[in-house]
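coords_24.cif follows; it contains mmCIF, C-alpha atoms.
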```cif
data_entry
loop_
_atom_site.label_atom_id
_atom_site.label_comp_id
_atom_site.auth_asym_id
_atom_site.auth_seq_id
_atom_site.Cartn_x
_atom_site.Cartn_y
_atom_site.Cartn_z
CA MET J 1 25.40 25.44 120.62
CA GLY J 2 22.18 26.58 122.32
CA VAL J 3 19.74 29.35 121.57
CA THR J 4 22.07 31.90 123.22
CA ASP J 5 25.81 32.17 123.70
CA PRO J 6 28.25 34.82 124.98
CA ALA J 7 27.69 36.72 121.70
CA GLY J 8 24.05 37.28 122.62
CA PRO J 9 20.76 36.00 121.15
CA VAL J 10 21.14 33.76 118.11
CA MET J 11 20.49 35.59 114.84
CA ASP J 12 17.85 34.43 112.45
CA ARG J 13 18.65 33.94 108.78
CA ASP J 14 17.61 37.45 107.73
CA GLU J 15 19.71 39.06 110.47
CA ALA J 16 22.70 36.95 109.51
CA ASP J 17 22.32 37.81 105.81
CA ARG J 18 22.03 41.52 106.57
CA ALA J 19 25.07 41.38 108.86
CA LEU J 20 27.12 39.56 106.22
CA ALA J 21 26.06 42.10 103.57
CA ARG J 22 27.02 45.00 105.82
CA LEU J 23 30.35 43.41 106.71
CA GLY J 24 31.02 42.76 103.05
CA GLN J 25 30.49 46.40 102.19
CA GLU J 26 32.61 47.39 105.15
CA HIS J 27 35.34 45.01 104.01
CA GLU J 28 35.32 46.53 100.53
CA ALA J 29 35.53 50.08 101.94
CA ILE J 30 38.41 49.15 104.24
CA GLU J 31 40.29 47.46 101.41
CA THR J 32 39.83 50.51 99.18
CA SER J 33 41.12 52.80 101.93
CA LEU J 34 44.13 50.60 102.61
CA LEU J 35 45.05 50.42 98.93
CA ALA J 36 44.70 54.21 98.69
CA LEU J 37 46.95 54.54 101.74
CA GLN J 38 49.46 52.21 100.08
CA ASP J 39 49.47 54.33 96.93
CA HIS J 40 49.48 57.71 98.69
CA ALA J 41 52.21 59.97 97.28
CA GLY J 42 53.21 61.02 100.77
CA ARG J 43 53.77 57.41 101.83
CA ARG J 44 55.95 56.74 98.78
CA LEU J 45 57.99 59.85 99.54
CA LEU J 46 58.42 58.82 103.16
CA GLU J 47 59.55 55.35 102.12
CA GLY J 48 62.18 56.73 99.75
CA ALA J 49 63.46 59.66 101.83
CA GLU J 50 66.47 59.77 104.12
CA LEU J 51 64.58 60.93 107.18
CA THR J 52 65.90 62.43 110.39
CA GLY J 53 64.60 63.65 113.73
CA VAL J 54 60.96 63.42 114.69
CA THR J 55 59.88 62.34 111.19
CA ARG J 56 62.12 59.28 111.22
CA GLU J 57 60.82 58.24 114.64
CA ARG J 58 57.18 58.74 113.73
CA TRP J 59 57.53 57.11 110.32
CA GLN J 60 59.15 54.02 111.82
CA ALA J 61 56.20 53.75 114.19
CA THR J 62 53.77 54.40 111.33
CA GLU J 63 55.31 51.67 109.15
CA ALA J 64 54.82 49.23 112.02
CA ARG J 65 51.20 50.39 112.36
CA ILE J 66 50.55 49.95 108.64
CA THR J 67 52.01 46.46 108.75
CA ARG J 68 49.81 45.69 111.75
CA LEU J 69 46.86 47.20 109.92
CA TRP J 70 47.28 44.76 107.02
CA THR J 71 47.61 41.89 109.49
CA TYR J 72 44.32 42.94 111.07
CA PHE J 73 42.71 43.26 107.66
CA ASP J 74 43.86 39.79 106.65
CA ALA J 75 42.36 38.40 109.89
CA TYR J 76 39.16 40.35 109.21
CA THR J 77 39.05 38.96 105.67
CA ALA J 78 39.57 35.39 106.91
CA ALA J 79 36.86 35.79 109.55
CA LEU J 80 34.40 37.16 107.01
CA ARG J 81 35.24 34.37 104.59
CA GLY J 82 34.68 31.78 107.35
CA ALA J 83 31.30 33.29 108.20
CA ARG J 84 30.28 33.26 104.56
CA GLU J 85 31.28 29.59 104.30
CA VAL J 86 29.10 28.73 107.29
CA ARG J 87 26.18 30.61 105.71
CA ALA J 88 26.75 28.84 102.38
CA ARG J 89 26.49 25.32 103.83
CA ARG J 90 22.73 25.28 103.43
CA ARG J 91 20.19 27.48 101.73
CA TRP J 92 18.14 27.39 104.90
CA SER J 93 20.65 27.51 107.73
CA SER J 94 20.03 25.24 110.69
CA ARG J 95 19.84 26.41 114.26
CA GLU J 96 23.40 25.16 114.81
CA ASP J 97 24.64 27.08 111.73
CA LEU J 98 22.93 30.26 112.94
CA ALA J 99 24.42 29.87 116.40
CA GLU J 100 27.87 29.44 114.86
CA LEU J 101 27.29 32.50 112.63
CA THR J 102 26.22 34.51 115.63
CA GLY J 103 29.43 33.61 117.41
CA LEU J 104 31.51 34.50 114.35
CA LEU J 105 29.75 37.80 113.61
CA ARG J 106 29.15 39.05 117.13
CA GLY J 107 31.52 37.19 119.40
CA ALA J 108 35.24 37.55 120.07
CA SER J 109 35.99 35.22 117.22
CA VAL J 110 38.99 36.84 115.55
CA THR J 111 42.42 35.94 116.92
CA VAL J 112 45.39 37.85 115.53
CA PRO J 113 48.92 36.60 116.24
CA GLY J 114 51.23 39.04 117.99
CA GLY J 115 50.11 42.35 119.32
CA GLU J 116 51.04 45.45 121.21
CA SER J 117 52.88 45.40 124.54
CA GLY J 118 54.61 42.14 123.61
CA ARG J 119 51.46 39.98 123.69
CA LEU J 120 51.44 36.67 121.79
CA SER J 121 48.00 37.27 120.27
CA GLU J 122 44.97 39.52 120.35
CA THR J 123 41.30 38.54 120.21
CA PHE J 124 38.60 40.81 118.79
CA THR J 125 35.00 40.89 117.81
CA LEU J 126 34.57 41.98 114.22
CA PRO J 127 33.22 45.43 115.24
CA ALA J 128 36.12 45.90 117.70
CA LEU J 129 38.58 44.88 115.00
CA VAL J 130 37.09 47.43 112.62
CA ASP J 131 37.39 50.12 115.31
CA ARG J 132 41.03 49.17 115.87
CA MET J 133 41.75 49.30 112.13
CA ASN J 134 40.06 52.70 111.89
CA GLU J 135 42.22 53.96 114.72
CA LEU J 136 45.46 52.68 113.13
CA TYR J 137 44.41 53.98 109.74
CA ALA J 138 43.64 57.50 111.04
CA THR J 139 46.92 57.67 112.98
CA SER J 140 48.95 56.46 109.99
CA LEU J 141 47.17 58.72 107.53
CA ASP J 142 47.74 61.71 109.82
CA VAL J 143 51.52 61.25 109.65
CA ILE J 144 51.49 60.71 105.88
CA VAL J 145 49.21 63.66 105.11
CA ALA J 146 51.14 66.00 107.42
CA ALA J 147 54.50 65.12 105.85
CA ASP J 148 53.05 65.40 102.34
CA ALA J 149 51.50 68.80 103.16
CA VAL J 150 54.83 70.15 104.37
CA TRP J 151 56.68 68.77 101.35
CA SER J 152 54.03 70.18 99.01
CA ALA J 153 54.12 73.66 100.55
CA LEU J 154 57.52 74.58 101.88
CA PRO J 155 60.22 73.34 99.44
CA ALA J 156 58.53 75.01 96.47
CA ARG J 157 58.18 78.27 98.37
CA ILE J 158 61.78 78.04 99.54
CA ASP J 159 62.94 77.47 95.95
CA LEU J 160 60.99 80.52 94.73
CA LEU J 161 62.47 82.63 97.51
CA ALA J 162 65.94 81.26 96.72
CA ALA J 163 65.49 82.28 93.08
CA GLU J 164 64.48 85.75 94.18
CA LEU J 165 67.46 85.76 96.52
CA GLN J 166 69.78 84.95 93.62
CA ARG J 167 68.38 87.80 91.52
CA THR J 168 68.78 90.13 94.49
CA ARG J 169 72.39 88.99 94.99
CA GLN J 170 73.20 89.77 91.35
CA LEU J 171 71.60 93.19 91.59
CA ALA J 172 73.38 93.86 94.88
CA HIS J 173 76.72 92.92 93.33
CA SER J 174 76.11 95.33 90.45
CA VAL J 175 75.79 98.26 92.85
CA GLY J 176 78.68 97.26 95.07
CA VAL J 177 76.68 95.68 97.89
CA ARG J 178 78.97 92.81 98.83
CA PRO J 179 79.61 90.76 101.96
CA GLY J 180 82.16 92.38 104.22
CA GLU J 181 81.63 95.77 102.56
CA HIS J 182 77.97 96.51 103.23
CA PRO J 183 75.56 95.25 105.92
CA ALA J 184 73.02 94.26 103.26
CA GLY J 185 75.65 92.04 101.64
CA ASP J 186 76.18 90.27 104.97
CA ASP J 187 72.41 89.91 105.34
CA LEU J 188 72.20 88.22 101.94
CA GLU J 189 74.81 85.70 103.02
CA ARG J 190 72.88 84.96 106.19
CA ILE J 191 69.61 84.54 104.29
CA THR J 192 71.34 82.19 101.83
CA ARG J 193 72.62 80.00 104.65
CA THR J 194 69.22 80.06 106.34
CA LEU J 195 67.32 78.97 103.20
CA THR J 196 69.85 76.24 102.38
CA ARG J 197 69.63 74.81 105.88
CA LEU J 198 65.85 75.22 105.99
CA ARG J 199 65.34 73.28 102.75
CA GLU J 200 67.57 70.46 103.95
CA ASP J 201 65.69 70.29 107.25
CA VAL J 202 62.26 70.36 105.59
CA VAL J 203 63.16 67.55 103.18
CA ALA J 204 64.70 65.35 105.88
CA ASP J 205 62.34 66.14 108.78
CA PRO J 206 59.02 67.55 107.46
CA LEU J 207 57.05 66.72 110.60
CA ALA J 208 59.28 69.10 112.57
CA PHE J 209 57.57 71.85 110.52
CA TRP J 210 54.00 70.73 111.14
CA VAL J 211 51.62 72.51 113.53
CA PRO J 212 48.59 70.33 114.40
CA ALA J 213 45.24 72.08 114.54
CA GLU J 214 43.95 72.52 118.07
CA GLY J 215 40.88 70.43 118.83
CA SER J 216 40.96 68.64 115.46
CA SER J 217 41.01 64.84 115.31
CA ALA J 218 40.80 64.59 111.52
CA PRO J 219 43.90 63.13 109.80
CA GLY J 220 46.12 65.90 108.50
CA GLY J 221 44.45 68.59 110.57
CA GLY J 222 46.98 71.40 110.87
CA ARG J 223 49.29 73.55 108.79
CA PRO J 224 52.97 73.81 107.83
CA ASP J 225 55.07 75.93 110.19
CA THR J 226 56.46 78.75 108.03
CA THR J 227 58.04 80.78 110.83
CA VAL J 228 61.66 80.43 109.64
CA TYR J 229 60.64 80.90 105.99
CA ASP J 230 58.59 84.01 106.77
CA ARG J 231 61.46 85.51 108.75
CA ALA J 232 63.86 84.93 105.84
CA ALA J 233 61.34 86.42 103.40
CA ARG J 234 60.99 89.56 105.53
CA ALA J 235 64.78 89.86 105.81
CA LEU J 236 65.12 89.58 102.02
CA GLU J 237 62.45 92.24 101.56
CA ASP J 238 64.41 94.55 103.86
CA VAL J 239 67.55 93.95 101.80
CA ARG J 240 65.66 94.64 98.58
CA ARG J 241 64.50 97.97 99.99
CA GLU J 242 68.09 98.77 100.95
CA ILE J 243 69.30 97.95 97.43
CA ASP J 244 66.45 99.98 95.92
CA ALA J 245 67.68 102.90 98.00
CA VAL J 246 71.19 102.36 96.62
CA LEU J 247 69.79 102.22 93.07
CA THR J 248 67.94 105.45 93.72
CA VAL J 249 71.22 106.98 94.84
CA ARG J 250 72.85 105.87 91.61
CA GLN J 251 70.07 107.47 89.57
CA ASP J 252 69.99 110.86 91.28
CA ALA J 253 73.49 111.08 92.78
CA GLU J 254 74.64 113.89 90.46
CA ALA J 255 71.58 116.03 91.17
CA ARG J 256 71.98 115.52 94.91
CA LEU J 257 75.68 116.43 94.74
CA ILE J 258 74.79 119.62 92.83
CA ARG J 259 72.21 120.52 95.49
CA LEU J 260 74.74 119.87 98.23
CA ARG J 261 77.30 122.12 96.60
CA ASP J 262 74.65 124.83 96.25
CA VAL J 263 73.59 124.58 99.92
CA LEU J 264 77.19 124.68 101.16
CA SER J 265 77.94 127.58 98.82
CA ARG J 266 74.97 129.54 100.19
CA ALA J 267 76.13 128.79 103.71
CA ASP J 268 79.64 130.09 102.85
CA ARG J 269 78.24 133.24 101.26
CA THR J 270 75.99 133.82 104.26
CA LEU J 271 78.93 133.46 106.65
CA ALA J 272 80.98 135.83 104.50
CA GLU J 273 78.13 138.32 104.61
CA ALA J 274 77.95 137.89 108.38
CA ARG J 275 81.69 138.59 108.74
CA THR J 276 81.37 141.74 106.60
CA ALA J 277 78.33 142.83 108.58
CA ARG J 278 80.23 142.31 111.82
CA VAL J 279 82.93 144.70 110.69
CA GLU J 280 80.25 147.24 109.80
CA VAL J 281 78.48 146.80 113.14
CA LEU J 282 81.68 147.22 115.09
CA ALA J 283 82.36 150.44 113.16
CA LYS J 284 78.84 151.90 113.39
CA ILE J 285 77.46 150.64 116.71
CA ALA J 286 79.08 151.42 120.03
CA ALA J 287 78.87 149.65 123.40
CA THR J 288 77.41 146.38 122.11
CA GLU J 289 78.48 142.75 122.05
CA VAL J 290 78.76 141.38 118.52
CA PRO J 291 79.17 137.58 118.25
CA VAL J 292 82.20 136.20 116.46
CA VAL J 293 81.44 134.58 113.08
CA GLY J 294 83.12 131.22 112.49
CA GLY J 295 84.48 130.07 109.17
CA PRO J 296 83.00 127.35 106.93
CA PRO J 297 83.73 123.81 108.21
CA THR J 298 86.32 122.24 105.93
CA VAL J 299 85.24 118.75 106.93
CA LEU J 300 82.00 119.11 104.95
CA GLN J 301 83.92 120.09 101.83
CA GLU J 302 86.20 117.11 102.33
CA GLN J 303 83.21 114.79 102.71
CA LEU J 304 81.65 116.33 99.61
CA ALA J 305 84.82 115.57 97.69
CA THR J 306 84.74 112.00 99.00
CA ALA J 307 81.12 111.65 97.87
CA ALA J 308 82.04 112.84 94.39
CA GLU J 309 84.85 110.27 94.31
CA TYR J 310 82.46 107.49 95.39
CA ARG J 311 80.16 108.45 92.55
CA ARG J 312 83.00 108.39 90.05
CA GLN J 313 84.06 104.94 91.25
CA GLY J 314 80.47 103.60 91.35
CA ARG J 315 80.64 102.81 95.06
CA TRP J 316 76.94 103.42 95.50
CA HIS J 317 76.60 101.50 98.76
CA ARG J 318 79.09 103.89 100.38
CA LEU J 319 77.72 106.96 98.65
CA SER J 320 74.15 106.42 99.90
CA PRO J 321 74.74 106.89 103.66
CA LEU J 322 77.34 109.61 103.04
CA LEU J 323 74.89 111.66 100.96
CA GLU J 324 72.16 111.32 103.59
CA SER J 325 74.56 112.50 106.30
CA LEU J 326 75.89 115.35 104.16
CA GLU J 327 72.43 116.59 103.25
CA GLU J 328 71.46 116.81 106.90
CA LYS J 329 74.73 118.51 107.91
CA ALA J 330 74.60 120.94 104.98
CA GLU J 331 71.12 122.13 105.96
CA GLU J 332 72.30 122.52 109.54
CA GLU J 333 75.30 124.53 108.33
CA LEU J 334 73.10 126.84 106.25
CA LEU J 335 70.83 127.37 109.24
CA ARG J 336 73.83 128.11 111.45
CA ALA J 337 75.12 130.65 108.92
CA ARG J 338 71.74 132.39 108.76
CA GLU J 339 71.51 132.50 112.53
CA SER J 340 75.01 134.01 112.67
CA LEU J 341 74.02 136.70 110.16
CA THR J 342 70.86 137.46 112.12
CA ALA J 343 72.76 137.69 115.40
CA VAL J 344 75.47 139.92 113.93
CA THR J 345 73.08 142.31 112.20
CA ALA J 346 70.70 142.58 115.16
CA PRO J 347 72.17 145.95 116.32
CA LEU J 348 71.72 147.38 112.81
CA ALA J 349 68.14 146.15 112.83
CA VAL J 350 67.55 147.85 116.18
CA ARG J 351 69.06 151.10 114.84
CA ALA J 352 66.87 150.89 111.72
CA GLU J 353 63.79 150.32 113.85
CA LEU J 354 64.64 153.37 116.00
CA ARG J 355 65.21 155.50 112.90
CA GLY J 356 61.88 154.40 111.46
CA ARG J 357 60.08 155.14 114.71
CA LEU J 358 61.66 158.60 114.95
CA ASP J 359 60.68 159.52 111.37
CA ALA J 360 57.16 158.19 111.89
CA TYR J 361 56.61 160.42 114.91
CA ARG J 362 58.07 163.40 113.05
CA ALA J 363 55.60 162.84 110.21
CA LYS J 364 52.80 162.64 112.76
CA VAL J 365 53.90 165.91 114.31
CA ALA J 366 53.96 167.55 110.88
CA ARG J 367 50.37 166.40 110.19
CA HIS J 368 49.28 168.19 113.38
CA GLY J 369 51.17 171.40 112.45
CA LEU J 370 53.71 171.09 115.28
CA ALA J 371 56.83 170.54 113.21
CA GLU J 372 58.34 173.87 114.30
CA ASP J 373 57.75 173.42 118.02
CA PRO J 374 61.11 174.29 119.65
CA LEU J 375 61.05 171.43 122.16
CA LEU J 376 60.17 168.86 119.52
CA VAL J 377 62.78 170.23 117.12
CA GLU J 378 65.43 170.10 119.84
CA ARG J 379 64.62 166.54 120.87
CA TYR J 380 64.28 165.34 117.30
CA ASP J 381 67.66 166.77 116.33
CA ALA J 382 69.28 165.20 119.38
CA ALA J 383 67.88 161.77 118.59
CA ARG J 384 68.70 162.06 114.93
CA ARG J 385 72.32 163.01 115.57
CA MET J 386 72.74 159.94 117.76
CA LEU J 387 71.12 157.59 115.25
CA TRP J 388 72.94 158.95 112.20
CA SER J 389 76.35 159.23 113.76
CA ALA J 390 79.00 156.54 114.08
CA PRO J 391 79.58 154.80 116.30
CA CYS J 392 75.98 154.87 117.51
CA ASP J 393 75.25 154.13 121.15
CA LEU J 394 71.94 152.29 120.83
CA ARG J 395 71.03 152.58 124.49
CA VAL J 396 71.46 156.35 124.53
CA ALA J 397 69.80 156.71 121.11
CA GLU J 398 66.76 154.72 122.27
CA GLN J 399 66.38 157.00 125.31
CA ALA J 400 66.54 160.04 123.01
CA VAL J 401 63.80 158.60 120.78
CA LEU J 402 61.66 157.87 123.84
CA ARG J 403 62.08 161.45 125.06
CA TYR J 404 60.95 162.71 121.68
CA GLN J 405 57.94 160.35 121.76
CA ARG J 406 56.92 161.56 125.21
CA ALA J 407 57.18 165.19 124.15
CA VAL J 408 54.97 164.47 121.14
CA ALA J 409 52.49 162.61 123.34
CA GLU J 410 52.26 165.51 125.79
CA LEU J 411 51.61 168.02 123.03
CA LEU J 412 48.99 165.77 121.43
CA GLY J 413 47.21 165.02 124.69
CA GLY J 414 48.72 161.58 125.39
CA ALA J 415 47.54 159.98 122.13
CA GLY J 416 51.02 159.57 120.73
CA GLU J 417 52.63 157.37 123.39
CA PRO J 418 52.46 153.61 122.61
CA GLU J 419 51.22 151.30 125.35
CA ASP J 420 54.46 149.33 125.50
CA ARG J 421 56.48 152.50 126.11
CA LYS J 422 54.34 154.10 128.81
CA GLY J 423 56.12 154.36 132.13
CA ASP J 424 59.66 154.22 130.65
CA GLY J 425 62.07 156.62 132.36
CA SER J 426 64.27 159.17 130.62
#
```
Translate this file's structure into C-alpha cells.
Amino acid sequence: MGVTDPAGPVMDRDEADRALARLGQEHEAIETSLLALQDHAGRRLLEGAELTGVTRERWQATEARITRLWTYFDAYTAALRGAREVRARRRWSSREDLAELTGLLRGASVTVPGGESGRLSETFTLPALVDRMNELYATSLDVIVAADAVWSALPARIDLLAAELQRTRQLAHSVGVRPGEHPAGDDLERITRTLTRLREDVVADPLAFWVPAEGSSAPGGGRPDTTVYDRAARALEDVRREIDAVLTVRQDAEARLIRLRDVLSRADRTLAEARTARVEVLAKIAATEVPVVGGPPTVLQEQLATAAEYRRQGRWHRLSPLLESLEEKAEEELLRARESLTAVTAPLAVRAELRGRLDAYRAKVARHGLAEDPLLVERYDAARRMLWSAPCDLRVAEQAVLRYQRAVAELLGGAGEPEDRKGDGS
C-alpha cells in the first residue's frame, strides 16, 4: 500500500494511536448505551406486553432495529479489534502497517451482512457506522421512552380516578342516584365504561396516547395524551357536584318544605284577602272594573305533598329538582297573589287618596281663616258626601275634589292649585 489510499493520507503512529484511543472510548460508550437500552424497564414491558395497534407495529420495527443495532455493534467491535491487532504487530509500526491502519480506521472497511431494502450486505467507514448506530439507537429509544412514559403516567392516574369513581358510586347509591333513575347515575355508568376501555387501550397500545413534541428530535420528546382521561375526570366532577346537591337536599329538605308551606300559605291568605277586598270594593265603589281573583292552584299543593312523600321515602334524587321547581313556582304564586290584592284594592286606594287630599285642603283653608266661606263649605260638603257614601263614584268624586281645590286656589290667589291639576276641567 502506498503513501496514500482512498482513505486519505496515511496516518503516522501518533495519529493512529490517538484514533484507536478515541474509538476505544467510543466503543465503550456505545456498549454502555446498548446495555442500558437492553435493561430499560420500558423495553422489558414492551417485550412482555400483548400489544395492539400502532404500538405493536412500531415495536416490531423497533425490535428489528435493535437487532440490527447489535449486528452493527458486533461489526464495529470486530473492526476495532482488527485495527488494534494491526497496531500491536510492532512497537514501531511500519509504513505498510500504518497504511493498513489508515484504511481500517478511515476507509470503508466494515462490511455488515444483510441490510435495509433487501441488500445482501452494507459497507461503512467506522465514523459512518457510528452515525448509523446513533440513528438506530435514538429511534429505538424514542419508542421505548414514549411507551414507558405513557405507562408510567396514565394507568396510575386512571386507577386513582377509578377509585374515586367507586367511592362516588357508593355515595350516589346511598342517596338514590342509580342508573335508569337519575341522569347522574347514567353518567356514572358511562364514565365507568370509558375508564375501563381507556385503561385497556393504554396498556395494549400506549403509543396511541403519545403526542410528540413539535420541533424536538430528542428521544422521548413529547407528552402523554390525556384528552380522554381529562374528559372523564371532568364528567366525574360534574356528577360529584350533582350528588353534593342531592346531599344538600337531604340535609335541609325539612326546612325547605317548611318554607314552601309558609310561602304557599301566605299566597293563599293574600288571595283570600283579595277576594274579601273585592266584595268590599264592589259594595263601596261604583262604576269601576274590579278584576276577578282566582283561587289557589291545587297543583302546587299536590306537588308539595309529593315532595313530602319523597322525603319520607328518602328519594333525594327526585326531591332535589322538585323542590327547586316548587320554590320558584311558590314565589311566583305569592307575587301573583300580591298583585291581585293590589289590583283589587286600587279603587279603595284612590278613594283614600282623594279623602286625604280633601282633608288637607280643608286644613289649609282653616289656617287661612276661610273655613266658613259659603262657597268652600258648599263644595267641601259635596265632595265629602260623594267620598263617604256608598257606592262611591270615583270619577264624580274626583271632579268634586278638584272643584274644591280650584275654589281654594282662587281665594288664596292661585297658590293652592297643584301643578299637575292646573288646566283640569270641571
Taking into account all atoms listed in the file, which residue in the set J:Leu300, J:Leu341, J:Ala147, J:Val211 is nearest to Glu328 in chain J?
-> J:Leu300
Would you give the centre and edge lengths, in Å to one decimal, of a box along x, y and z around the listed atoms of range 157-176 of chain J, with 8 Å added to each side, as lines of an AutoDock Vina configuration file?
```
center_x = 68.4
center_y = 87.9
center_z = 95.0
size_x = 36.5
size_y = 36.8
size_z = 25.1
```
Which distance in Å separates CA of Ala272 in chain J and CA of Val350 in chain J, to one decimal?
-> 21.5 Å
For Thr194 in chain J, list every protein, DNA or RNA residue within 10 Å, evaluated using only C-alpha atoms, and leave out those in the same chain fewer than 4 positions away; present the list as a compact mmCIF listing (two decimals) with C-alpha atoms, keeping the file's coordinate frame.
```txt
# COMPACT_ATOMS: atom_id res chain seq x y z
CA LEU J 188 72.20 88.22 101.94
CA GLU J 189 74.81 85.70 103.02
CA ARG J 190 72.88 84.96 106.19
CA LEU J 198 65.85 75.22 105.99
CA ARG J 199 65.34 73.28 102.75
CA VAL J 228 61.66 80.43 109.64
CA TYR J 229 60.64 80.90 105.99
CA ARG J 231 61.46 85.51 108.75
CA ALA J 232 63.86 84.93 105.84
```
Please identify all polymer residues within 8 Å of range 160-163 of chain J, counting only C-alpha atoms, omitting same-chain residues fewer than 5 positions from it, and present them as a list in words.
-> Thr192, Leu195 and Ala233 of chain J
Shell of 8 Å around Leu335 in chain J, all atoms listed in the file, local chain residues under 4 positions omitted, as a list in words | Ala267, Glu331 and Glu339 of chain J
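With only C-alpha atoms as the atoms that count, the residue of J:Leu370, J:Ala253, J:Leu271, J:Leu376 with the shortest distance to Leu323 in chain J is J:Ala253.
The spacing separating CA of Pro291 in chain J from CA of Pro347 in chain J amounts to 11.1 Å.
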Written as a PyMOL selection string, what is the full residue list that the PyMOL selection byres ((chain J and resi 141) around 9) yields on the file shown?
-> chain J and resi 37+43+62+136-140+142-146+219-220
Starting from the shown file, work through the PyMOL selection byres ((chain J and resi 11) around 9) and note down what comes out as a ChimeraX atom specification.
-> /J:8-10,12-16,98-99,101-102
Output C-alpha atoms for every residue in the selection just made, as a CSV table (one decimal), in the coordinates of the input.
```
chain,number,residue,atom,x,y,z
J,8,GLY,CA,24.0,37.3,122.6
J,9,PRO,CA,20.8,36.0,121.2
J,10,VAL,CA,21.1,33.8,118.1
J,12,ASP,CA,17.8,34.4,112.4
J,13,ARG,CA,18.6,33.9,108.8
J,14,ASP,CA,17.6,37.4,107.7
J,15,GLU,CA,19.7,39.1,110.5
J,16,ALA,CA,22.7,37.0,109.5
J,98,LEU,CA,22.9,30.3,112.9
J,99,ALA,CA,24.4,29.9,116.4
J,101,LEU,CA,27.3,32.5,112.6
J,102,THR,CA,26.2,34.5,115.6
```
Could you state the separation of CA of Lys284 in chain J and CA of Ser265 in chain J in Å, given to one decimal place?
-> 28.4 Å
Restricting the calculation to all atoms listed in the file, which member of J:Phe124, J:Arg384, J:Val112, J:Leu20 is positioned closest to Gly82 in chain J?
-> J:Leu20
Residues near range 354-360 of chain J, cut-off 9 Å, all atoms listed in the file, skip fewer than 5 positions along chain, as a PDB file with C-alpha atoms, in the frame of the given file:
```
ATOM      1  CA  ALA J 349      68.140 146.150 112.830  1.00  0.00           C
ATOM      2  CA  VAL J 365      53.900 165.910 114.310  1.00  0.00           C
ATOM      3  CA  TYR J 380      64.280 165.340 117.300  1.00  0.00           C
ATOM      4  CA  ALA J 383      67.880 161.770 118.590  1.00  0.00           C
ATOM      5  CA  ARG J 384      68.700 162.060 114.930  1.00  0.00           C
ATOM      6  CA  LEU J 387      71.120 157.590 115.250  1.00  0.00           C
ATOM      7  CA  TRP J 388      72.940 158.950 112.200  1.00  0.00           C
ATOM      8  CA  LEU J 394      71.940 152.290 120.830  1.00  0.00           C
ATOM      9  CA  ALA J 397      69.800 156.710 121.110  1.00  0.00           C
ATOM     10  CA  GLU J 398      66.760 154.720 122.270  1.00  0.00           C
ATOM     11  CA  VAL J 401      63.800 158.600 120.780  1.00  0.00           C
ATOM     12  CA  LEU J 402      61.660 157.870 123.840  1.00  0.00           C
ATOM     13  CA  TYR J 404      60.950 162.710 121.680  1.00  0.00           C
ATOM     14  CA  GLN J 405      57.940 160.350 121.760  1.00  0.00           C
TER      15      GLN J 405
END
```
Return the single residue from J:Ala346, J:Leu260, J:Ala245, J:Ala79 that is closest to Ala172 in chain J, with distances computed using all atoms listed in the file.
-> J:Ala245
Using all atoms listed in the file, find the one residue out of J:Ala343, J:Leu326, J:Val249, J:Glu372 that sits nearest to Arg278 in chain J.
->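 Closest candidate: J:Ala343.
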